[in-house]
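Q: Data file input-v7.txt (compact mmCIF, C-alpha atoms) is appended below.
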# COMPACT_ATOMS: atom_id res chain seq x y z
CA MET A 1 156.49 -173.21 81.86
CA THR A 2 157.30 -170.12 83.98
CA LEU A 3 155.06 -169.78 87.00
CA THR A 4 156.21 -166.41 88.29
CA ARG A 5 154.14 -164.27 85.91
CA PHE A 6 150.71 -165.57 86.78
CA LEU A 7 151.10 -167.45 90.07
CA ARG A 8 152.82 -164.84 92.29
CA PRO A 9 149.53 -163.53 93.77
CA LEU A 10 148.32 -167.08 94.32
CA ALA A 11 151.62 -167.99 95.94
CA ILE A 12 151.24 -165.21 98.51
CA ALA A 13 147.70 -166.32 99.30
CA LEU A 14 148.53 -170.01 99.65
CA ALA A 15 152.03 -170.09 101.08
CA LEU A 16 150.67 -170.00 104.64
CA VAL A 17 148.49 -173.07 104.12
CA GLY A 18 150.47 -175.62 106.07
CA ALA A 19 148.31 -178.45 107.34
CA THR A 20 147.04 -181.09 104.96
CA LEU A 21 144.64 -183.03 107.20
CA LEU A 22 140.92 -182.58 106.52
CA ALA A 23 139.19 -180.96 109.48
CA PRO A 24 135.51 -181.84 110.02
CA MET A 25 132.94 -179.04 109.91
CA ALA A 26 129.93 -178.70 112.18
CA ARG A 27 126.88 -180.57 110.87
CA ALA A 28 128.94 -182.02 108.05
CA ASP A 29 128.13 -184.09 105.02
CA LYS A 30 130.45 -187.06 104.52
CA ILE A 31 131.79 -188.58 101.29
CA ILE A 32 133.49 -191.94 101.88
CA LEU A 33 135.86 -192.86 99.06
CA LYS A 34 136.62 -196.40 97.93
CA ASP A 35 140.18 -196.07 99.25
CA GLY A 36 138.84 -195.38 102.75
CA THR A 37 139.34 -191.61 102.76
CA VAL A 38 136.51 -189.70 104.46
CA LEU A 39 135.79 -186.14 103.33
CA GLU A 40 133.71 -184.10 105.77
CA GLY A 41 132.21 -180.76 104.86
CA LYS A 42 129.28 -179.43 102.88
CA ILE A 43 128.24 -180.80 99.50
CA THR A 44 127.63 -177.60 97.56
CA ARG A 45 127.04 -178.91 94.05
CA GLU A 46 126.68 -182.22 92.31
CA GLY A 47 126.21 -183.62 88.83
CA ASP A 48 125.62 -187.06 87.39
CA ARG A 49 129.34 -187.85 87.57
CA PHE A 50 130.81 -185.64 90.31
CA TYR A 51 130.42 -183.83 93.63
CA PHE A 52 131.84 -180.56 94.92
CA ILE A 53 132.33 -180.62 98.68
CA THR A 54 133.64 -177.71 100.76
CA VAL A 55 136.15 -179.03 103.31
CA LYS A 56 138.55 -177.41 105.75
CA ILE A 57 142.25 -177.83 105.07
CA GLY A 58 144.52 -176.24 107.62
CA GLY A 59 141.62 -174.14 108.87
CA ILE A 60 140.89 -172.75 105.40
CA GLU A 61 137.79 -173.77 103.46
CA GLU A 62 138.46 -175.30 100.05
CA ASN A 63 136.04 -176.52 97.38
CA LYS A 64 137.09 -180.05 96.43
CA PHE A 65 136.06 -182.01 93.33
CA VAL A 66 135.18 -185.70 93.71
CA ASN A 67 134.57 -188.15 90.87
CA ARG A 68 131.50 -190.33 91.60
CA ASP A 69 133.42 -193.38 90.34
CA ASP A 70 135.72 -193.00 93.35
CA VAL A 71 132.87 -192.76 95.89
CA LYS A 72 131.80 -195.68 98.08
CA SER A 73 128.99 -193.89 99.92
CA VAL A 74 127.60 -190.48 100.84
CA GLN A 75 126.14 -189.43 104.19
CA ARG A 76 124.25 -186.17 104.20
CA ASP A 77 123.53 -183.91 107.13
CA ASP A 78 120.40 -182.86 105.21
CA PRO A 79 118.97 -185.90 103.36
CA THR A 80 117.22 -183.60 100.85
CA PRO A 81 119.67 -180.71 100.32
CA LYS A 82 118.85 -177.81 98.01
CA THR A 83 122.42 -177.05 97.04
CA ASP A 84 121.82 -175.71 93.55
CA GLU A 85 118.93 -173.49 92.54
CA ALA A 86 119.24 -174.81 88.99
CA ILE A 87 118.48 -178.34 90.24
CA LYS A 88 115.35 -177.10 91.97
CA LYS A 89 114.14 -175.24 88.88
CA ALA A 90 114.82 -178.24 86.66
CA GLU A 91 112.79 -180.48 88.94
CA GLU A 92 109.89 -178.01 88.98
CA ALA A 93 109.96 -177.83 85.18
CA LYS A 94 110.08 -181.63 85.00
CA GLU A 95 106.97 -181.92 87.18
CA ALA A 96 105.13 -179.37 85.06
CA ALA A 97 106.09 -181.20 81.88
CA ALA A 98 104.96 -184.53 83.35
CA LYS A 99 101.48 -183.16 84.02
CA ASP A 100 101.25 -182.15 80.38
CA GLU A 101 102.88 -185.20 78.83
CA SER A 102 99.67 -186.78 77.52
CA ARG A 103 98.65 -183.70 75.55
CA HIS A 104 99.19 -183.80 71.82
CA ASP A 105 96.52 -181.66 70.24
CA GLY A 106 97.89 -181.82 66.72
CA ALA A 107 100.43 -179.03 67.10
CA THR A 108 104.01 -179.88 66.14
CA ARG A 109 105.88 -180.56 69.36
CA ILE A 110 109.29 -178.85 69.39
CA CYS A 111 112.18 -178.93 71.85
CA ILE A 112 115.18 -176.59 71.64
CA LEU A 113 118.50 -177.88 73.03
CA ASN A 114 121.37 -175.42 73.50
CA PHE A 115 124.61 -176.62 71.92
CA GLY A 116 126.63 -174.06 73.86
CA PRO A 117 125.38 -171.08 75.87
CA PRO A 118 123.34 -168.61 73.77
CA SER A 119 124.81 -165.14 73.42
CA ASP A 120 122.19 -163.71 75.77
CA TRP A 121 123.86 -165.66 78.59
CA GLN A 122 126.48 -162.90 78.22
CA GLY A 123 129.58 -165.02 78.39
CA GLN A 124 128.99 -166.41 81.88
CA TYR A 125 129.95 -169.92 80.82
CA GLY A 126 132.41 -171.54 78.44
CA ASN A 127 131.28 -173.00 75.12
CA GLU A 128 133.82 -175.70 74.24
CA VAL A 129 132.70 -178.92 72.61
CA GLY A 130 133.83 -181.74 74.88
CA VAL A 131 134.18 -179.49 77.92
CA GLU A 132 130.99 -177.52 78.59
CA ILE A 133 129.13 -179.19 75.70
CA SER A 134 128.78 -182.92 76.32
CA ALA A 135 127.53 -185.59 73.92
CA GLN A 136 126.62 -187.72 76.94
CA ALA A 137 124.16 -185.07 78.13
CA PHE A 138 122.47 -185.04 74.71
CA LYS A 139 122.22 -188.83 74.91
CA ASP A 140 120.78 -188.66 78.42
CA VAL A 141 117.81 -186.50 77.37
CA ILE A 142 116.54 -188.82 74.62
CA PRO A 143 114.09 -190.59 76.98
CA MET A 144 112.75 -187.18 78.07
CA LEU A 145 112.21 -186.17 74.46
CA GLU A 146 110.43 -189.44 73.70
CA LYS A 147 108.26 -189.19 76.80
CA ALA A 148 107.13 -185.70 75.74
CA LYS A 149 106.34 -187.04 72.24
CA VAL A 150 108.67 -184.51 70.61
CA ASP A 151 108.38 -184.20 66.84
CA VAL A 152 111.20 -181.70 66.15
CA VAL A 153 114.49 -181.25 68.01
CA VAL A 154 116.29 -177.97 67.36
CA ILE A 155 120.03 -178.00 68.06
CA ARG A 156 120.76 -174.32 68.75
CA VAL A 157 124.49 -173.87 68.12
CA ASN A 158 126.68 -171.17 69.63
CA SER A 159 130.22 -172.42 70.17
CA GLY A 160 133.76 -171.50 69.24
CA GLY A 161 134.82 -175.13 68.83
CA GLY A 162 136.48 -177.73 71.00
CA TYR A 163 137.62 -181.33 70.77
CA GLY A 164 137.36 -183.51 67.66
CA LEU A 165 136.84 -186.60 69.80
CA GLU A 166 133.60 -185.14 71.10
CA ALA A 167 132.54 -183.98 67.63
CA ASP A 168 132.86 -187.62 66.49
CA LYS A 169 130.54 -188.66 69.33
CA PHE A 170 127.99 -185.99 68.44
CA ARG A 171 127.86 -186.94 64.77
CA ASP A 172 127.38 -190.59 65.68
CA LEU A 173 124.66 -189.66 68.17
CA PHE A 174 122.78 -187.45 65.73
CA VAL A 175 122.91 -190.06 62.94
CA LYS A 176 122.05 -193.16 64.99
CA GLU A 177 119.81 -191.81 67.76
CA TYR A 178 118.33 -188.42 66.90
CA LYS A 179 117.58 -188.51 63.18
CA PRO A 180 115.73 -191.87 63.32
CA ARG A 181 113.51 -190.57 66.15
CA PHE A 182 113.00 -186.85 65.48
CA ARG A 183 113.15 -184.26 62.76
CA THR A 184 116.47 -182.86 63.96
CA VAL A 185 117.59 -179.46 62.68
CA ALA A 186 120.48 -177.11 63.42
CA TRP A 187 119.90 -173.45 64.28
CA ILE A 188 123.22 -171.69 63.81
CA GLU A 189 124.26 -168.59 65.74
CA SER A 190 127.98 -169.33 65.56
CA ALA A 191 129.46 -172.74 64.78
CA ILE A 192 133.25 -172.82 64.59
CA SER A 193 135.55 -175.85 64.21
CA ALA A 194 134.19 -178.83 66.22
CA ALA A 195 130.90 -176.96 66.68
CA ALA A 196 130.50 -176.90 62.89
CA MET A 197 131.60 -180.49 62.42
CA SER A 198 129.29 -181.90 65.13
CA PRO A 199 125.91 -181.02 63.50
CA TRP A 200 127.21 -181.33 59.91
CA VAL A 201 125.29 -184.60 59.54
CA LEU A 202 121.96 -182.79 59.95
CA ASP A 203 120.09 -182.15 56.70
CA GLU A 204 118.41 -178.91 57.75
CA MET A 205 120.34 -175.85 58.84
CA TYR A 206 118.75 -172.53 59.78
CA PHE A 207 120.73 -169.40 60.58
CA PHE A 208 120.57 -166.35 62.77
CA ARG A 209 120.83 -163.17 60.74
CA LYS A 210 124.42 -162.70 61.89
CA GLY A 211 125.25 -166.39 61.91
CA ASN A 212 128.40 -168.15 60.72
CA ILE A 213 129.73 -171.68 60.32
CA GLY A 214 133.15 -173.02 59.43
CA ALA A 215 136.88 -172.61 60.10
CA CYS A 216 137.34 -176.28 60.96
CA THR A 217 141.14 -176.55 61.05
CA GLY A 218 142.15 -179.40 63.35
CA TRP A 219 144.53 -178.94 66.29
CA TYR A 220 145.81 -181.16 69.06
CA GLY A 221 147.72 -180.56 72.26
CA PRO A 222 149.18 -177.04 72.60
CA LEU A 223 147.81 -175.71 69.30
CA ILE A 224 149.72 -177.99 66.95
CA ALA A 225 148.00 -178.34 63.59
CA VAL A 226 146.81 -181.83 62.70
CA LYS A 227 148.67 -183.23 59.70
CA GLY A 228 149.63 -186.45 57.97
CA ALA A 229 147.51 -189.53 58.69
CA GLU A 230 145.45 -187.75 61.36
CA LEU A 231 144.50 -185.02 58.92
CA GLU A 232 143.55 -187.55 56.26
CA GLU A 233 141.40 -189.38 58.77
CA MET A 234 139.65 -186.14 59.73
CA LEU A 235 139.03 -185.25 56.07
CA PHE A 236 137.61 -188.72 55.43
CA LYS A 237 135.30 -188.49 58.44
CA MET A 238 133.91 -185.19 57.25
CA GLU A 239 133.36 -186.54 53.74
CA LYS A 240 131.14 -189.19 55.33
CA ALA A 241 129.45 -186.52 57.47
CA SER A 242 128.76 -184.47 54.33
CA ALA A 243 127.07 -187.48 52.75
CA TYR A 244 124.89 -188.00 55.83
CA GLY A 245 123.95 -184.32 55.86
CA LYS A 246 123.40 -184.13 52.08
CA LYS A 247 126.09 -181.48 51.61
CA ASP A 248 128.74 -181.18 48.93
CA PRO A 249 132.05 -182.38 50.48
CA ALA A 250 133.90 -179.48 48.83
CA ILE A 251 132.31 -177.08 51.34
CA MET A 252 133.69 -178.75 54.45
CA ARG A 253 137.04 -179.44 52.77
CA ALA A 254 137.50 -175.70 52.18
CA MET A 255 136.71 -175.21 55.88
CA GLN A 256 139.29 -177.79 56.98
CA ILE A 257 142.26 -177.11 54.72
CA MET A 258 143.26 -174.19 52.53
CA LYS A 259 141.38 -175.25 49.43
CA PRO A 260 139.54 -172.86 47.11
CA LEU A 261 135.74 -172.93 46.84
CA SER A 262 133.46 -171.44 44.22
CA VAL A 263 129.95 -172.02 42.87
CA ASP A 264 128.07 -171.98 39.62
CA ILE A 265 124.34 -171.33 39.47
CA ASP A 266 122.67 -172.83 36.40
CA GLU A 267 119.62 -171.61 34.47
CA ASN A 268 117.33 -173.57 36.79
CA GLY A 269 118.78 -171.91 39.86
CA GLU A 270 120.62 -175.04 40.95
CA VAL A 271 123.90 -174.49 42.83
CA HIS A 272 126.98 -176.45 41.80
CA TRP A 273 129.97 -176.38 44.18
CA ARG A 274 133.53 -176.42 42.86
CA GLN A 275 136.90 -177.00 44.54
CA ASP A 276 138.55 -174.24 42.49
CA GLU A 277 138.34 -170.50 41.84
CA ASP A 278 136.79 -170.82 38.38
CA GLY A 279 133.10 -170.70 39.31
CA GLN A 280 130.77 -167.73 38.84
CA PHE A 281 131.12 -166.83 42.51
CA VAL A 282 134.33 -167.35 44.49
CA LEU A 283 133.73 -167.96 48.19
CA ASN A 284 137.21 -169.00 49.27
CA LYS A 285 140.57 -168.44 47.63
CA LYS A 286 143.46 -170.86 47.81
CA GLY A 287 145.51 -170.33 50.95
CA HIS A 288 142.52 -169.41 53.12
CA ILE A 289 140.20 -171.31 55.45
CA TYR A 290 136.51 -170.83 54.72
CA THR A 291 133.83 -169.59 57.10
CA MET A 292 130.32 -169.30 55.66
CA THR A 293 128.10 -166.35 56.60
CA THR A 294 124.32 -166.35 56.79
CA SER A 295 124.00 -164.33 53.58
CA GLU A 296 126.18 -166.87 51.72
CA ALA A 297 124.29 -169.79 53.24
CA MET A 298 121.00 -168.42 51.95
CA LYS A 299 122.25 -167.18 48.58
CA TYR A 300 123.72 -170.57 47.70
CA LYS A 301 120.89 -172.66 49.20
CA PHE A 302 122.96 -174.15 51.98
CA GLY A 303 120.66 -172.77 54.68
CA ARG A 304 116.91 -173.47 54.82
CA GLY A 305 115.92 -170.17 56.43
CA VAL A 306 116.80 -167.21 58.64
CA ALA A 307 115.44 -166.72 62.16
CA ASP A 308 116.46 -164.80 65.26
CA THR A 309 113.50 -165.96 67.38
CA LYS A 310 111.82 -169.31 67.88
CA GLU A 311 108.65 -167.89 66.30
CA GLU A 312 110.60 -166.98 63.16
CA LEU A 313 112.22 -170.41 63.22
CA VAL A 314 108.84 -172.16 63.33
CA LYS A 315 107.75 -170.17 60.29
CA ALA A 316 111.01 -170.89 58.43
CA MET A 317 110.55 -174.62 59.09
CA GLY A 318 107.11 -174.47 57.51
CA ILE A 319 105.27 -175.42 60.69
CA GLN A 320 101.76 -174.02 60.97
CA GLU A 321 101.14 -174.65 64.66
CA ALA A 322 103.87 -175.32 67.23
CA GLU A 323 104.05 -176.27 70.88
CA PHE A 324 107.35 -176.07 72.76
CA VAL A 325 107.68 -179.07 75.07
CA ALA A 326 110.21 -181.21 76.99
CA GLN A 327 111.42 -178.31 79.09
CA ASP A 328 113.03 -180.86 81.40
CA ALA A 329 115.31 -181.91 78.53
CA SER A 330 116.23 -178.29 77.74
CA ASP A 331 116.93 -177.61 81.42
CA TYR A 332 119.05 -180.76 81.70
CA ILE A 333 121.27 -179.64 78.81
CA ASP A 334 121.59 -176.12 80.25
CA LYS A 335 122.46 -177.50 83.67
CA SER A 336 125.07 -179.74 82.06
CA ILE A 337 126.70 -176.67 80.49
CA ARG A 338 126.78 -174.87 83.85
CA ASP A 339 128.04 -177.92 85.77
CA ASN A 340 130.76 -178.70 83.23
CA ASP A 341 131.83 -175.06 83.29
CA ALA A 342 132.16 -175.24 87.08
CA VAL A 343 134.26 -178.40 86.81
CA ASP A 344 136.47 -176.80 84.16
CA LYS A 345 137.09 -173.65 86.22
CA HIS A 346 137.79 -175.71 89.32
CA ASN A 347 140.13 -177.94 87.32
CA LYS A 348 142.20 -174.95 86.20
CA VAL A 349 142.53 -173.66 89.76
CA VAL A 350 143.61 -177.11 90.98
CA PHE A 351 146.23 -177.33 88.24
CA GLN A 352 147.64 -173.91 89.18
CA LYS A 353 147.71 -174.90 92.85
CA TYR A 354 149.57 -178.08 91.94
CA GLN A 355 152.17 -176.16 89.97
CA LEU A 356 152.54 -173.73 92.88
CA ALA A 357 152.97 -176.52 95.44
CA MET A 358 155.66 -178.16 93.32
CA SER A 359 157.43 -174.85 92.78
CA LEU A 360 157.44 -174.07 96.51
CA ALA A 361 158.60 -177.59 97.39
CA GLU A 362 161.57 -177.21 95.03
CA GLN A 363 162.54 -173.88 96.60
CA LEU A 364 162.11 -174.73 100.29
CA PRO A 365 165.35 -175.84 102.02
CA ASP A 366 163.50 -177.01 105.16
CA LYS A 367 162.57 -180.71 104.79
CA GLU A 368 159.48 -180.46 107.01
CA ARG A 369 158.00 -177.48 105.16
CA ARG A 370 158.90 -179.10 101.84
CA GLY A 371 157.05 -182.24 102.96
CA ILE A 372 153.93 -180.20 103.64
CA GLU A 373 153.93 -178.82 100.08
CA LEU A 374 154.62 -182.25 98.60
CA ALA A 375 151.71 -183.79 100.53
CA LYS A 376 149.54 -181.05 99.08
CA ALA A 377 150.94 -181.72 95.60
CA ARG A 378 150.15 -185.45 95.88
CA ARG A 379 146.54 -184.70 96.79
CA LEU A 380 146.16 -182.20 93.94
CA LEU A 381 147.80 -184.56 91.44
CA SER A 382 145.27 -187.22 92.39
CA GLU A 383 142.49 -184.74 91.77
CA ILE A 384 143.92 -183.83 88.35
CA ARG A 385 144.05 -187.53 87.49
CA GLY A 386 140.37 -187.73 88.44
CA PHE A 387 139.50 -184.91 86.01
CA VAL A 388 141.16 -186.74 83.12
CA LYS A 389 139.38 -189.95 84.08
CA LEU A 390 136.04 -188.12 84.15
CA ASN A 391 136.62 -186.42 80.79
CA PRO A 392 139.47 -187.59 78.51
CA ASN A 393 139.36 -184.22 76.72
CA PHE A 394 140.96 -182.68 79.81
CA GLN A 395 144.18 -184.47 78.86
CA PHE A 396 145.02 -181.54 76.58
CA HIS A 397 143.03 -178.83 78.32
CA MET A 398 145.75 -177.39 80.56
CA GLY A 399 148.10 -176.55 77.70
CA VAL A 400 150.21 -179.64 78.35
CA ASP A 401 149.63 -183.29 77.49
CA LEU A 402 148.35 -184.87 80.71
CA SER A 403 149.31 -188.33 79.48
CA PRO A 404 150.15 -191.33 81.69
CA GLU A 405 153.81 -190.48 81.06
CA TRP A 406 153.23 -186.96 82.40
CA PHE A 407 151.67 -188.30 85.60
CA LYS A 408 154.53 -190.78 86.02
CA ALA A 409 157.06 -187.96 85.59
CA GLN A 410 155.27 -185.88 88.23
CA GLU A 411 155.19 -188.78 90.69
CA ASP A 412 158.91 -189.36 90.15
CA GLU A 413 159.63 -185.68 90.75
CA ILE A 414 157.64 -185.72 94.00
CA LYS A 415 159.65 -188.75 95.16
CA ARG A 416 162.91 -187.03 94.23
CA LEU A 417 162.05 -183.88 96.15
CA ALA A 418 160.87 -185.92 99.15
CA SER A 419 164.24 -187.73 99.26
CA LEU A 420 166.28 -184.52 99.52
CA PRO A 421 167.87 -183.83 102.90
Could you write out this file's structure as structure tokens?

A:
Amino acid sequence: MTLTRFLRPLAIALALVGATLLAPMARADKIILKDGTVLEGKITREGDRFYFITVKIGGIEENKFVNRDDVKSVQRDDPTPKTDEAIKKAEEAKEAAAKDESRHDGATRICILNFGPPSDWQGQYGNEVGVEISAQAFKDVIPMLEKAKVDVVVIRVNSGGGYGLEADKFRDLFVKEYKPRFRTVAWIESAISAAAMSPWVLDEMYFFRKGNIGACTGWYGPLIAVKGAELEEMLFKMEKASAYGKKDPAIMRAMQIMKPLSVDIDENGEVHWRQDEDGQFVLNKKGHIYTMTTSEAMKYKFGRGVADTKEELVKAMGIQEAEFVAQDASDYIDKSIRDNDAVDKHNKVVFQKYQLAMSLAEQLPDKERRGIELAKARRLLSEIRGFVKLNPNFQFHMGVDLSPEWFKAQEDEIKRLASLP
């Protein structure tokens, strides 16, 4: 990988960073790691599985990611910090919901959970399944939904796809945990690839007027198409998902591989799906990957209704009186999206800094200056390892396979450069 094209500006900015010791800040928070390392600075953000702490390195402030699994203890300068306005709002909403929890006046109690940031968030956050969109977060909110006596959970989907491993987790979660407890429906704005495969097990699908679902070609690593046994396994999984969601398997198959898809509509108005081009209506020709539009979903009775607002959705679902509840659960999912986005962006910066440190170390003839860059590289490599431990999907997220072999190769290269005269 050539670094010059996109790392030159970063190299200029960081080349002067020499010292690698962590300097304490006035009135500092402290994170004590299990290996004895003490990080002093200001905890600026935290999630269920991580902290961000601003520390000083060589006199320059740097935002450092810390996996909670590596933390022994935390000492705060302010025992009740308000480091994230979203946390404060979520707590306020939780308190308000708790006051109302005993009310159930006969109205259908509905909670909407965002599977990806809605379009009106204007692209502020990423929408990848397994990165910003976490199955664990959806599992975490189940007690909140039960406490609020939720009747209907709406999974509002707007995502360009992501990791098949996470889609597997979502399907399992929806089948085993959500559907037995709640009437769980999908509300599709845009559901591509893993975002289409995740809610495929849900019986009811409603669409935005400009909605779409499909294009589920599998990839791994640096955009290498899944094939062979892995492809067969993926096709088999989605056949099972189609059965759970009461959908003809031919539909998803045309979305996964370049199979034709057509339909016949009989005299009773029943739709019959075909894996060929010989039906009355051809939706997908051989050699193409299928993406279904809202108009097709409604015409061929795949979708249950069309709605652009929650009021329209309530009507499409046939609900006479609705009450939207469990705001704490909705806020938790939204906060998870924002937090995971922050981790992802930080991860990418760390990876670039690591590549830069290694590049500089290779170029520097002076052993002392080279040692400074290698010390920095070791610290950054440890942080990258922590990202992969926190979320296995990050193994492929940097465009290279961050496998154990990759980490071993990097450690060997650091040792080699350190041994040079």

Q: Give the answer as one residue: which of A:Gln275, A:Gln75, A:Asn268, A:Ser330 has the shortest atom-to-atom distance to A:Ala254, using only C-alpha atoms?

A: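 When distances to A:Ala254 are compared using only C-alpha atoms, the smallest one comes from A:Gln275.
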
Q: With only C-alpha atoms as the counted atoms, please give the residues lying no more than 8 Å from A:Arg49, apart from itself and same-chain residues fewer than 6 positions off, as a PyMOL selection string.

A: chain A and resi 67-69+390

Q: Would you please work out which residue, of A:Lys286, A:Arg416, A:Arg76, A:Lys147, is nearest to A:Asp29 when using only C-alpha atoms?

A: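 Smallest separation from A:Asp29 among the options: A:Arg76.
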
Q: What's the separation between atom CA of A:Ile110 and atom CA of A:Ala326, in Å to one decimal place?

A: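 A separation of 8.0 Å between them.
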
Q: Restricting the calculation to all atoms listed in the file, which member of A:Ala229, A:Ala194, A:Val66, A:Val153 is positioned closest to A:Val38?

A: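 Using all atoms listed in the file, the shortest distance to A:Val38 belongs to A:Val66.
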
Q: Identify which of the residues A:Pro365, A:Val388, A:Glu204, A:Ser382 lies closest to A:Pro421, counting all atoms listed in the file when measuring atom-to-atom distances.

A: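 For A:Pro421, the nearest of the candidates is A:Pro365.
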
Q: Using only C-alpha atoms, can you list as a VMD selection string the residues within 12 Å of (142.1, -179.1, 76.0)?

A: chain A and resid 128 to 132 161 to 166 219 to 224 344 347 to 348 387 to 388 391 to 402

Q: With all atoms listed in the file as the basis for distance, which of A:Phe50, A:Trp273, A:Trp187, A:Phe65 is at the shortest distance from A:Gly116?

A: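 Looking only at the distances to A:Gly116, the closest residue turns out to be A:Trp187.
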
Q: Which is closest to A:His346 among A:Val71, A:Lys34, A:Ala316, A:Leu380, if we use all atoms listed in the file?

A: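 The closest residue to A:His346 is A:Leu380.
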
Q: For A:Ala307, find every residue with an atom within 10 Å (counting only C-alpha atoms), except residues of its own chain fewer than 3 positions away, and show them as a list in words.

A: Trp187, Ile188, Glu189, Tyr206, Phe207, Phe208, Arg209, Lys210, Gly211, Lys310, Glu311, Glu312, Leu313, Val314, Lys315, Ala316 and Met317 of chain A

Q: What is the atom CA of A:Met255-atom CA of A:Cys216 distance in Å, reported with one decimal?

A: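 Taking atom CA of A:Met255 as the start and atom CA of A:Cys216 as the end point, the length is 5.2 Å.
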
Q: Hey, could you pull the box centre and edge lengths for stretch 142-146 of chain A, axis-aligned, 3 Å padding per side, all listed atoms, to one decimal in Å, as AutoDock Vina command-line options?

A:
--center_x 113.5 --center_y -188.4 --center_z 75.9 --size_x 12.1 --size_y 10.4 --size_z 10.4

Q: Would you mind reading off the distance between atom CA of A:Ala148 and atom CA of A:Arg109, one decimal, in Å?

A: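 Atom CA of A:Ala148 sits 8.3 Å away from atom CA of A:Arg109.
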
Q: Would you kindly place all heavy atoms on stretch 188-193 of chain A and return the model as an mmCIF file, keeping the file's coordinate frame?

A:
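So selection.cif came out as:
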data_model
loop_
_atom_site.group_PDB
_atom_site.id
_atom_site.type_symbol
_atom_site.label_atom_id
_atom_site.label_comp_id
_atom_site.auth_asym_id
_atom_site.auth_seq_id
_atom_site.Cartn_x
_atom_site.Cartn_y
_atom_site.Cartn_z
ATOM 1 N N ILE A 188 121.833 -172.139 63.667
ATOM 2 C CA ILE A 188 123.220 -171.690 63.810
ATOM 3 C C ILE A 188 123.309 -170.207 64.184
ATOM 4 O O ILE A 188 122.931 -169.330 63.416
ATOM 5 C CB ILE A 188 124.016 -171.916 62.514
ATOM 6 C CG1 ILE A 188 123.884 -173.378 62.047
ATOM 7 C CG2 ILE A 188 125.474 -171.522 62.707
ATOM 8 C CD1 ILE A 188 124.465 -174.390 62.984
ATOM 9 N N GLU A 189 123.850 -169.947 65.377
ATOM 10 C CA GLU A 189 124.260 -168.590 65.740
ATOM 11 C C GLU A 189 125.731 -168.416 65.387
ATOM 12 O O GLU A 189 126.099 -167.544 64.620
ATOM 13 C CB GLU A 189 124.008 -168.319 67.219
ATOM 14 C CG GLU A 189 124.338 -166.899 67.619
ATOM 15 C CD GLU A 189 123.903 -166.559 69.040
ATOM 16 O OE1 GLU A 189 123.422 -167.449 69.767
ATOM 17 O OE2 GLU A 189 124.052 -165.382 69.420
ATOM 18 N N SER A 190 126.574 -169.266 65.949
ATOM 19 C CA SER A 190 127.980 -169.330 65.560
ATOM 20 C C SER A 190 128.459 -170.749 65.763
ATOM 21 O O SER A 190 128.311 -171.310 66.860
ATOM 22 C CB SER A 190 128.824 -168.355 66.389
ATOM 23 O OG SER A 190 130.185 -168.400 65.979
ATOM 24 N N ALA A 191 129.006 -171.340 64.711
ATOM 25 C CA ALA A 191 129.460 -172.740 64.780
ATOM 26 C C ALA A 191 130.859 -172.806 64.173
ATOM 27 O O ALA A 191 131.017 -172.809 62.958
ATOM 28 C CB ALA A 191 128.505 -173.656 64.029
ATOM 29 N N ILE A 192 131.863 -172.834 65.030
ATOM 30 C CA ILE A 192 133.250 -172.820 64.590
ATOM 31 C C ILE A 192 133.892 -174.170 64.906
ATOM 32 O O ILE A 192 133.631 -174.777 65.947
ATOM 33 C CB ILE A 192 134.030 -171.684 65.284
ATOM 34 C CG1 ILE A 192 133.381 -170.332 64.992
ATOM 35 C CG2 ILE A 192 135.488 -171.672 64.841
ATOM 36 C CD1 ILE A 192 133.315 -169.960 63.528
ATOM 37 N N SER A 193 134.733 -174.642 64.000
ATOM 38 C CA SER A 193 135.550 -175.850 64.210
ATOM 39 C C SER A 193 134.675 -177.038 64.618
ATOM 40 O O SER A 193 133.778 -177.429 63.885
ATOM 41 C CB SER A 193 136.626 -175.551 65.252
ATOM 42 O OG SER A 193 137.584 -176.582 65.300
#
